[in-house]
file coords_20.cif (mmCIF, C-alpha atoms)
data_model
#
loop_
_atom_site.group_PDB
_atom_site.id
_atom_site.type_symbol
_atom_site.label_atom_id
_atom_site.label_comp_id
_atom_site.auth_asym_id
_atom_site.auth_seq_id
_atom_site.Cartn_x
_atom_site.Cartn_y
_atom_site.Cartn_z
ATOM 1 C CA MET A 1 178.001 178.198 -59.953
ATOM 2 C CA ALA A 2 178.373 177.986 -56.171
ATOM 3 C CA GLY A 3 176.036 174.982 -56.132
ATOM 4 C CA ALA A 4 178.124 173.145 -58.695
ATOM 5 C CA GLN A 5 181.273 173.964 -56.744
ATOM 6 C CA LEU A 6 179.668 172.575 -53.568
ATOM 7 C CA GLN A 7 178.751 169.367 -55.381
ATOM 8 C CA LEU A 8 182.240 169.028 -56.748
ATOM 9 C CA ALA A 9 183.664 169.560 -53.246
ATOM 10 C CA ALA A 10 181.417 166.808 -51.855
ATOM 11 C CA GLY A 11 182.491 164.548 -54.743
ATOM 12 C CA TRP A 12 186.172 165.232 -54.042
ATOM 13 C CA ALA A 13 185.668 164.519 -50.306
ATOM 14 C CA GLY A 14 184.403 161.033 -51.262
ATOM 15 C CA PHE A 15 187.405 160.643 -53.524
ATOM 16 C CA ASP A 16 189.771 161.627 -50.675
ATOM 17 C CA ASN A 17 188.186 159.045 -48.424
ATOM 18 C CA THR A 18 188.602 156.376 -51.079
ATOM 19 C CA ILE A 19 192.265 157.328 -51.484
ATOM 20 C CA GLU A 20 192.655 157.034 -47.720
ATOM 21 C CA SER A 21 191.088 153.547 -47.739
ATOM 22 C CA ILE A 22 193.320 152.399 -50.565
ATOM 23 C CA SER A 23 196.408 153.727 -48.798
ATOM 24 C CA LYS A 24 195.570 151.440 -45.854
ATOM 25 C CA LEU A 25 195.979 148.331 -48.037
ATOM 26 C CA PRO A 26 199.118 146.236 -47.478
ATOM 27 C CA GLN A 27 201.801 146.919 -50.109
ATOM 28 C CA ASP A 28 201.753 143.507 -51.780
ATOM 29 C CA LEU A 29 197.964 143.380 -51.947
ATOM 30 C CA PHE A 30 197.894 146.842 -53.498
ATOM 31 C CA ALA A 31 200.427 145.739 -56.139
ATOM 32 C CA GLU A 32 198.361 142.661 -56.956
ATOM 33 C CA VAL A 33 195.130 144.678 -57.174
ATOM 34 C CA CYS A 34 196.795 147.120 -59.603
ATOM 35 C CA GLN A 35 197.982 144.202 -61.731
ATOM 36 C CA GLN A 36 194.474 142.761 -61.865
ATOM 37 C CA ILE A 37 192.987 146.146 -62.794
ATOM 38 C CA ILE A 38 195.504 146.576 -65.604
ATOM 39 C CA LEU A 39 194.762 143.077 -66.914
ATOM 40 C CA HIS A 40 191.059 143.856 -66.800
ATOM 41 C CA LEU A 41 191.503 147.158 -68.652
ATOM 42 C CA GLU A 42 193.518 145.298 -71.270
ATOM 43 C CA CYS A 43 190.535 142.945 -71.580
ATOM 44 C CA LYS A 44 192.642 140.049 -70.405
ATOM 45 C CA THR A 45 190.416 139.029 -67.516
ATOM 46 C CA PRO A 46 186.688 138.585 -67.602
ATOM 47 C CA GLY A 47 184.801 141.240 -65.699
ATOM 48 C CA VAL A 48 181.664 140.672 -63.698
ATOM 49 C CA ASN A 49 178.408 142.005 -65.062
ATOM 50 C CA THR A 50 177.105 143.617 -61.904
ATOM 51 C CA LEU A 51 173.604 143.666 -63.360
ATOM 52 C CA GLU A 52 173.634 139.867 -63.149
ATOM 53 C CA LEU A 53 175.097 139.693 -59.649
ATOM 54 C CA THR A 54 172.781 137.860 -57.299
ATOM 55 C CA GLU A 55 172.692 137.479 -53.551
ATOM 56 C CA LEU A 56 172.439 134.058 -51.986
ATOM 57 C CA VAL A 57 169.246 133.764 -49.959
ATOM 58 C CA ASP A 58 169.292 130.081 -49.072
ATOM 59 C CA LEU A 59 171.104 126.836 -49.818
ATOM 60 C CA GLN A 60 169.369 123.499 -49.242
ATOM 61 C CA TRP A 61 170.894 120.118 -49.784
ATOM 62 C CA LYS A 62 170.144 116.419 -49.841
ATOM 63 C CA LEU A 63 172.269 113.331 -50.016
ATOM 64 C CA GLY A 64 170.692 110.626 -52.166
ATOM 65 C CA MET A 65 171.563 107.133 -53.283
ATOM 66 C CA ALA A 66 170.694 105.961 -56.785
ATOM 67 C CA ILE A 67 170.087 102.245 -56.341
ATOM 68 C CA SER A 68 169.295 101.138 -59.882
ATOM 69 C CA SER A 69 168.181 102.453 -63.245
ATOM 70 C CA ASP A 70 166.818 101.072 -66.485
ATOM 71 C CA SER A 71 170.344 100.643 -67.827
ATOM 72 C CA CYS A 72 172.021 99.479 -64.644
ATOM 73 C CA ARG A 73 170.452 97.309 -61.954
ATOM 74 C CA SER A 74 173.322 97.846 -59.586
ATOM 75 C CA LEU A 75 174.007 101.585 -59.692
ATOM 76 C CA ASN A 76 174.637 102.101 -55.938
ATOM 77 C CA HIS A 77 175.699 105.624 -56.529
ATOM 78 C CA PRO A 78 175.552 108.327 -53.830
ATOM 79 C CA TYR A 79 175.015 111.894 -55.013
ATOM 80 C CA VAL A 80 174.514 115.332 -53.492
ATOM 81 C CA THR A 81 171.737 117.601 -54.762
ATOM 82 C CA MET A 82 171.836 121.305 -53.928
ATOM 83 C CA MET A 83 169.122 123.889 -54.274
ATOM 84 C CA LEU A 84 170.307 127.490 -54.453
ATOM 85 C CA LYS A 85 167.862 130.352 -53.880
ATOM 86 C CA VAL A 86 169.260 133.672 -55.019
ATOM 87 C CA ALA A 87 167.842 137.192 -55.203
ATOM 88 C CA ASP A 88 168.585 139.121 -58.381
ATOM 89 C CA PRO A 89 169.139 142.919 -58.247
ATOM 90 C CA SER A 90 165.383 143.529 -58.665
ATOM 91 C CA GLY A 91 164.658 141.370 -55.627
ATOM 92 C CA GLU A 92 163.173 138.473 -57.594
ATOM 93 C CA ILE A 93 164.007 135.075 -56.125
ATOM 94 C CA ILE A 94 165.443 132.495 -58.527
ATOM 95 C CA SER A 95 165.870 128.814 -57.642
ATOM 96 C CA ARG A 96 168.370 126.496 -59.264
ATOM 97 C CA SER A 97 169.190 122.927 -58.338
ATOM 98 C CA PHE A 98 172.072 120.744 -59.424
ATOM 99 C CA GLU A 99 173.496 117.329 -58.736
ATOM 100 C CA MET A 100 177.053 116.324 -57.873
ATOM 101 C CA THR A 101 178.849 113.040 -57.423
ATOM 102 C CA VAL A 102 180.709 112.660 -54.129
ATOM 103 C CA PRO A 103 184.113 113.494 -55.684
ATOM 104 C CA GLN A 104 182.571 116.548 -57.374
ATOM 105 C CA PHE A 105 181.088 117.634 -54.044
ATOM 106 C CA ARG A 106 184.482 117.219 -52.344
ATOM 107 C CA ASN A 107 186.049 119.450 -54.993
ATOM 108 C CA PHE A 108 183.243 121.987 -54.529
ATOM 109 C CA SER A 109 183.809 121.946 -50.773
ATOM 110 C CA LYS A 110 187.555 122.392 -51.246
ATOM 111 C CA GLN A 111 187.026 125.433 -53.488
ATOM 112 C CA PHE A 112 184.650 126.977 -50.959
ATOM 113 C CA ARG A 113 187.241 126.601 -48.231
ATOM 114 C CA GLU A 114 189.765 128.327 -50.510
ATOM 115 C CA VAL A 115 187.315 131.216 -50.871
ATOM 116 C CA ALA A 116 186.915 131.425 -47.090
ATOM 117 C CA THR A 117 190.686 131.457 -46.639
ATOM 118 C CA ALA A 118 191.092 134.172 -49.275
ATOM 119 C CA LEU A 119 188.432 136.297 -47.548
ATOM 120 C CA GLU A 120 190.188 135.934 -44.204
ATOM 121 C CA MET A 121 193.513 136.966 -45.670
ATOM 122 C CA VAL A 122 192.225 140.253 -47.088
ATOM 123 C CA MET B 1 193.940 81.761 -85.755
ATOM 124 C CA ALA B 2 192.847 81.796 -82.113
ATOM 125 C CA GLU B 3 194.740 85.053 -81.631
ATOM 126 C CA GLN B 4 192.903 86.593 -84.585
ATOM 127 C CA CYS B 5 189.574 85.449 -83.126
ATOM 128 C CA SER B 6 190.460 87.041 -79.789
ATOM 129 C CA LYS B 7 191.489 90.259 -81.502
ATOM 130 C CA SER B 8 188.264 90.417 -83.466
ATOM 131 C CA LEU B 9 186.172 89.713 -80.378
ATOM 132 C CA ASN B 10 188.011 92.379 -78.427
ATOM 133 C CA GLY B 11 187.333 94.779 -81.271
ATOM 134 C CA LEU B 12 183.674 93.808 -81.299
ATOM 135 C CA LEU B 13 183.310 94.374 -77.547
ATOM 136 C CA GLY B 14 185.050 97.734 -77.890
ATOM 137 C CA GLY B 15 182.683 98.698 -80.692
ATOM 138 C CA LEU B 16 179.636 97.625 -78.673
ATOM 139 C CA ALA B 17 180.855 99.706 -75.723
ATOM 140 C CA GLN B 18 181.282 102.718 -78.018
ATOM 141 C CA ILE B 19 177.705 102.355 -79.281
ATOM 142 C CA THR B 20 175.950 101.512 -76.002
ATOM 143 C CA TYR B 21 177.955 103.262 -73.315
ATOM 144 C CA TYR B 22 180.181 105.907 -74.798
ATOM 145 C CA GLN B 23 177.633 107.094 -77.350
ATOM 146 C CA SER B 24 180.248 107.533 -80.050
ATOM 147 C CA PRO B 25 178.572 108.636 -83.248
ATOM 148 C CA GLY B 26 179.122 106.919 -86.564
ATOM 149 C CA ILE B 27 179.763 103.361 -85.346
ATOM 150 C CA THR B 28 177.246 100.794 -86.541
ATOM 151 C CA GLU B 29 176.758 97.052 -86.244
ATOM 152 C CA GLN B 30 177.345 96.694 -89.985
ATOM 153 C CA MET B 31 180.646 98.576 -89.751
ATOM 154 C CA LEU B 32 181.804 96.225 -87.022
ATOM 155 C CA LYS B 33 180.948 93.207 -89.156
ATOM 156 C CA GLU B 34 182.761 94.569 -92.195
ATOM 157 C CA GLN B 35 185.876 95.498 -90.287
ATOM 158 C CA LEU B 36 186.143 92.621 -87.826
ATOM 159 C CA TYR B 37 184.308 89.652 -89.343
ATOM 160 C CA PRO B 38 184.294 90.225 -93.106
ATOM 161 C CA ASP B 39 184.201 86.489 -93.898
ATOM 162 C CA LEU B 40 181.594 85.462 -91.337
ATOM 163 C CA PRO B 41 178.118 84.843 -92.760
ATOM 164 C CA GLN B 42 175.668 87.584 -91.825
ATOM 165 C CA GLN B 43 173.438 85.256 -89.795
ATOM 166 C CA ASP B 44 176.393 83.928 -87.769
ATOM 167 C CA PHE B 45 177.546 87.463 -87.054
ATOM 168 C CA LYS B 46 174.060 88.403 -85.910
ATOM 169 C CA ILE B 47 174.063 85.507 -83.427
ATOM 170 C CA LEU B 48 177.531 86.430 -82.133
ATOM 171 C CA HIS B 49 176.575 90.093 -81.893
ATOM 172 C CA GLU B 50 173.396 89.418 -79.929
ATOM 173 C CA LYS B 51 175.172 87.024 -77.598
ATOM 174 C CA MET B 52 177.881 89.553 -76.800
ATOM 175 C CA VAL B 53 175.409 92.412 -76.366
ATOM 176 C CA GLY B 54 173.467 90.299 -73.866
ATOM 177 C CA ILE B 55 176.557 89.230 -71.940
ATOM 178 C CA LEU B 56 177.991 92.741 -71.808
ATOM 179 C CA ARG B 57 174.639 94.124 -70.682
ATOM 180 C CA SER B 58 174.439 91.572 -67.834
ATOM 181 C CA ILE B 59 177.969 92.282 -66.683
ATOM 182 C CA ALA B 60 177.570 96.083 -66.814
ATOM 183 C CA SER B 61 174.087 96.091 -65.296
ATOM 184 C CA ALA B 62 175.281 94.134 -62.267
ATOM 185 C CA ASP B 63 178.560 96.061 -62.149
ATOM 186 C CA MET B 64 180.170 92.686 -61.548
ATOM 187 C CA ASP B 65 183.314 92.345 -59.498
ATOM 188 C CA PHE B 66 185.852 89.827 -60.709
ATOM 189 C CA ASN B 67 184.584 86.941 -58.600
ATOM 190 C CA GLN B 68 181.068 87.426 -59.895
ATOM 191 C CA LEU B 69 182.442 87.793 -63.430
ATOM 192 C CA GLU B 70 184.366 84.521 -63.206
ATOM 193 C CA ALA B 71 181.310 82.633 -61.932
ATOM 194 C CA PHE B 72 179.083 84.202 -64.584
ATOM 195 C CA LEU B 73 181.444 83.498 -67.486
ATOM 196 C CA THR B 74 182.105 79.935 -66.302
ATOM 197 C CA ALA B 75 178.361 79.327 -66.340
ATOM 198 C CA GLN B 76 178.212 80.789 -69.861
ATOM 199 C CA THR B 77 180.924 78.398 -71.073
ATOM 200 C CA LYS B 78 178.913 75.423 -69.803
ATOM 201 C CA LYS B 79 175.708 76.472 -71.574
ATOM 202 C CA GLN B 80 174.689 75.055 -74.892
ATOM 203 C CA LYS B 81 175.336 77.739 -77.533
ATOM 204 C CA GLY B 82 177.253 79.586 -74.807
ATOM 205 C CA ILE B 83 180.763 80.929 -75.115
ATOM 206 C CA THR B 84 184.177 79.331 -75.495
ATOM 207 C CA LEU B 85 186.969 79.512 -72.916
ATOM 208 C CA GLU B 86 188.915 81.857 -75.209
ATOM 209 C CA GLN B 87 185.915 84.160 -75.486
ATOM 210 C CA ALA B 88 185.560 84.123 -71.666
ATOM 211 C CA GLU B 89 189.204 85.178 -71.424
ATOM 212 C CA VAL B 90 188.683 88.065 -73.843
ATOM 213 C CA LEU B 91 185.580 89.197 -71.930
ATOM 214 C CA THR B 92 187.479 89.122 -68.625
ATOM 215 C CA LYS B 93 190.331 91.240 -70.037
ATOM 216 C CA PHE B 94 187.824 93.611 -71.584
ATOM 217 C CA TRP B 95 185.917 94.155 -68.337
ATOM 218 C CA LYS B 96 189.179 94.755 -66.454
ATOM 219 C CA THR B 97 189.969 97.583 -68.860
ATOM 220 C CA HIS B 98 186.522 99.116 -69.262
ATOM 221 C CA LYS B 99 184.696 98.514 -65.959
ATOM 222 C CA VAL B 100 185.284 101.926 -64.424
ATOM 223 C CA LYS B 101 184.601 103.893 -67.595
ATOM 224 C CA ILE B 102 181.410 101.975 -68.376
ATOM 225 C CA ARG B 103 180.139 102.481 -64.837
ATOM 226 C CA GLU B 104 180.796 106.215 -65.085
ATOM 227 C CA SER B 105 178.913 106.315 -68.347
ATOM 228 C CA LEU B 106 175.928 104.477 -66.816
ATOM 229 C CA ILE B 107 175.866 106.901 -63.904
ATOM 230 C CA ASN B 108 175.891 109.847 -66.315
ATOM 231 C CA GLN B 109 173.118 108.297 -68.381
ATOM 232 C CA SER B 110 170.867 108.278 -65.330
ATOM 233 C CA LYS B 111 171.625 111.876 -64.409
ATOM 234 C CA TRP B 112 168.892 114.176 -65.647
ATOM 235 C CA GLU B 113 169.308 117.130 -63.323
ATOM 236 C CA ASN B 114 171.590 120.092 -63.866
ATOM 237 C CA CYS B 115 175.156 119.381 -62.987
ATOM 238 C CA LEU B 116 177.794 121.810 -61.813
ATOM 239 C CA ARG B 117 180.105 122.099 -64.808
ATOM 240 C CA ASN B 118 182.487 124.621 -63.365
ATOM 241 C CA ILE B 119 182.919 127.003 -60.507
ATOM 242 C CA SER B 120 185.108 130.086 -60.536
ATOM 243 C CA TRP B 121 185.560 132.790 -57.959
ATOM 244 C CA ARG B 122 187.401 135.895 -56.940
ATOM 245 C CA VAL B 123 187.579 138.010 -53.814
ATOM 246 C CA ASP B 124 186.905 141.724 -54.146
ATOM 247 C CA LEU B 125 187.613 144.478 -51.692
ATOM 248 C CA LYS B 126 184.770 146.968 -51.476
ATOM 249 C CA SER B 127 186.170 150.393 -50.884
ATOM 250 C CA GLN B 128 184.062 153.291 -49.702
ATOM 251 C CA SER B 129 181.263 154.486 -51.897
ATOM 252 C CA ARG B 130 179.540 157.853 -51.680
ATOM 253 C CA HIS B 131 176.437 156.654 -49.898
ATOM 254 C CA LEU B 132 177.550 153.597 -47.953
ATOM 255 C CA ASP B 133 180.328 152.888 -45.510
ATOM 256 C CA GLN B 134 182.024 149.821 -46.889
ATOM 257 C CA ILE B 135 185.627 150.430 -46.049
ATOM 258 C CA ASN B 136 187.725 147.411 -46.858
ATOM 259 C CA THR B 137 184.851 144.924 -46.883
ATOM 260 C CA PRO B 138 186.013 141.733 -48.532
ATOM 261 C CA VAL B 139 183.406 140.024 -50.638
ATOM 262 C CA ALA B 140 183.539 136.823 -52.680
ATOM 263 C CA ILE B 141 182.079 136.672 -56.156
ATOM 264 C CA MET B 142 181.366 133.120 -57.293
ATOM 265 C CA GLU B 143 180.246 132.001 -60.714
ATOM 266 C CA PHE B 144 178.458 128.666 -61.008
ATOM 267 C CA GLU B 145 178.259 127.105 -64.457
ATOM 268 C CA LEU B 146 175.214 124.815 -64.556
ATOM 269 C CA GLY B 147 173.987 122.632 -67.356
ATOM 270 C CA LYS B 148 172.393 119.362 -68.263
ATOM 271 C CA ASN B 149 173.082 116.825 -71.026
ATOM 272 C CA ASP B 150 174.092 118.654 -74.193
ATOM 273 C CA GLN B 151 172.306 121.880 -73.339
ATOM 274 C CA GLU B 152 174.095 125.194 -73.153
ATOM 275 C CA SER B 153 175.367 126.287 -69.766
ATOM 276 C CA GLU B 154 173.583 128.716 -67.492
ATOM 277 C CA PHE B 155 175.761 130.974 -65.388
ATOM 278 C CA LEU B 156 174.793 132.034 -61.894
ATOM 279 C CA CYS B 157 176.849 134.829 -60.383
ATOM 280 C CA LEU B 158 176.715 135.196 -56.604
ATOM 281 C CA GLU B 159 178.048 137.800 -54.243
ATOM 282 C CA LEU B 160 178.900 136.420 -50.822
ATOM 283 C CA GLU B 161 180.151 138.198 -47.728
ATOM 284 C CA GLU B 162 182.319 136.486 -45.166
ATOM 285 C CA THR B 163 179.475 135.637 -42.776
ATOM 286 C CA LYS B 164 177.518 133.992 -45.594
ATOM 287 C CA VAL B 165 180.527 131.965 -46.687
ATOM 288 C CA ASN B 166 181.022 130.770 -43.104
ATOM 289 C CA GLN B 167 177.346 129.776 -42.852
ATOM 290 C CA LEU B 168 177.719 127.791 -46.063
ATOM 291 C CA LEU B 169 180.871 126.108 -44.791
ATOM 292 C CA LYS B 170 178.856 124.820 -41.839
ATOM 293 C CA LYS B 171 176.329 123.300 -44.250
ATOM 294 C CA LEU B 172 179.104 121.724 -46.298
ATOM 295 C CA THR B 173 180.484 120.145 -43.121
ATOM 296 C CA GLU B 174 177.019 118.688 -42.410
ATOM 297 C CA ILE B 175 176.977 117.165 -45.884
ATOM 298 C CA GLU B 176 180.454 115.705 -45.405
ATOM 299 C CA GLU B 177 179.327 114.145 -42.122
ATOM 300 C CA SER B 178 176.301 112.605 -43.834
ATOM 301 C CA ILE B 179 178.514 111.171 -46.553
ATOM 302 C CA SER B 180 180.816 109.641 -43.923
ATOM 303 C CA GLU B 181 177.826 108.069 -42.151
ATOM 304 C CA LEU B 182 176.641 106.645 -45.459
ATOM 305 C CA SER B 183 180.048 105.060 -46.175
ATOM 306 C CA TYR B 184 180.129 103.689 -42.660
ATOM 307 C CA THR B 185 176.732 102.007 -42.926
ATOM 308 C CA ASN B 186 177.625 100.717 -46.413
#
call {"tool": "encode", "arguments": {"input": "coords_20.cif", "output": "structure tokens"}}
result
Amino acid sequence: MAGAQLQLAAGWAGFDNTIESISKLPQDLFAEVCQQIILHLECKTPGVNTLELTELVDLQWKLGMAISSDSCRSLNHPYVTMMLKVADPSGEIISRSFEMTVPQFRNFSKQFREVATALEMV
Amino acid sequence: MAEQCSKSLNGLLGGLAQITYYQSPGITEQMLKEQLYPDLPQQDFKILHEKMVGILRSIASADMDFNQLEAFLTAQTKKQKGITLEQAEVLTKFWKTHKVKIRESLINQSKWENCLRNISWRVDLKSQSRHLDQINTPVAIMEFELGKNDQESEFLCLELEETKVNQLLKKLTEIEESISELSYTN
């Protein structure tokens, strides 16, 4: 009985610390977070399956130029190829590559900068 | 009469583009004949069809600009069994309308790697957990939707901390610089 009580106490201490962390959030951010949680609980936003969450290990890139192809002798088309190496939760490394046109890459870059800005603002 | 011929030719070129470049299902050579040239003998239609396929292929393959197009079509009008001036006019108008879209289609046809179909992201705030100290650590979760041709998408979900995002931004800047150098030398 005492052991269980001790465990519960330790659990509650962690809970208190979490409450303390949350109370340090700016008012407007806290309101937005609550809204997002409510939407998620109402199944209105997609959640993240944390079992599928991977960690980025490496990103390699190359800039290529497609000069011609069997259907077009004058392709002259620059493209960016990226190779992502990610580690899944078990530690296994997965590689995936994909190709982007220059406008697609610019959009990709723009979104990444938005992510960086959002991270800074938190 | 001439206007009808131009209309029919424009329709034919549009149909050929649908078949060859836009991969629209259900359009056939026979359909085009029945709808656009119902009174033309089959053999004559075949000759017209082949001529236009060849001309369109040359124009698209070279991704001709309008100077090149004018020179090319002028040469075609001077050839025996070439094209008429009215047909050259129709072809010029057609290329003006479809050039960009046909080029895009040709680029896509030669793309066999995965492409990035969509990217979505959110920023989470990791609060403290029982075993680790992660007070107020912001982390980005990014979902990459990858796929090729008509295959189903594969989703890659990444967790990125601020330092990682900043490292990646540096790489993206390197790529942008390379692209600028490429445009400069071109």
call {"tool": "resolve_selection", "arguments": {"input": "coords_20.cif", "expression": "the PyMOL selection byres ((chain A) within 6 of (chain B))", "output": "PyMOL selection string"}}
result
chain A and resi 14+18+53-55+72-74+98-99
call {"tool": "atom_distance", "arguments": {"input": "coords_20.cif", "atom1": "atom CA of B:Asn67", "atom2": "atom CA of B:Gln87"}}
result
17.2 Å
call {"tool": "closest_residue", "arguments": {"input": "coords_20.cif", "among": "B:Gly54, B:Ser180, B:Asn149, B:Lys101", "to": "B:Tyr22", "atoms": "all atoms listed in the file"}}
result
B:Lys101
call {"tool": "resolve_selection", "arguments": {"input": "coords_20.cif", "expression": "the PyMOL selection byres ((chain A and resi 77-85) around 9)", "output": "PyMOL selection string"}}
result
(chain A and resi 55-68+74-76+86-87+93-102+105) or (chain B and resi 107+113+175+179+182)
call {"tool": "atom_distance", "arguments": {"input": "coords_20.cif", "atom1": "atom CA of B:Lys93", "atom2": "atom CA of B:Gly26"}}
result
25.4 Å
call {"tool": "atom_distance", "arguments": {"input": "coords_20.cif", "atom1": "atom CA of A:Glu52", "atom2": "atom CA of A:Glu92"}}
result
11.9 Å
call {"tool": "resolve_selection", "arguments": {"input": "coords_20.cif", "expression": "the PyMOL selection byres ((chain B and resi 88) around 9)", "output": "PyMOL selection string"}}
result
chain B and resi 70+73-74+76-77+83-87+89-93
call {"tool": "residues_around", "arguments": {"input": "coords_20.cif", "residues": "stretch 27-30 of chain B", "least_positions_apart": "5", "cutoff": "9 Å", "atoms": "only C-alpha atoms", "output": "PyMOL selection string"}}
result
chain B and resi 15-16+18-19+35+49
call {"tool": "write_last_selection", "arguments": {"input": "coords_20.cif", "atoms": "C-alpha atoms", "output": "PDB file, in the coordinates of the input"}}
result
ATOM      1  CA  GLY B  15     182.683  98.698 -80.692  1.00  0.00           C
ATOM      2  CA  LEU B  16     179.636  97.625 -78.673  1.00  0.00           C
ATOM      3  CA  GLN B  18     181.282 102.718 -78.018  1.00  0.00           C
ATOM      4  CA  ILE B  19     177.705 102.355 -79.281  1.00  0.00           C
ATOM      5  CA  GLN B  35     185.876  95.498 -90.287  1.00  0.00           C
ATOM      6  CA  HIS B  49     176.575  90.093 -81.893  1.00  0.00           C
TER       7      HIS B  49
END
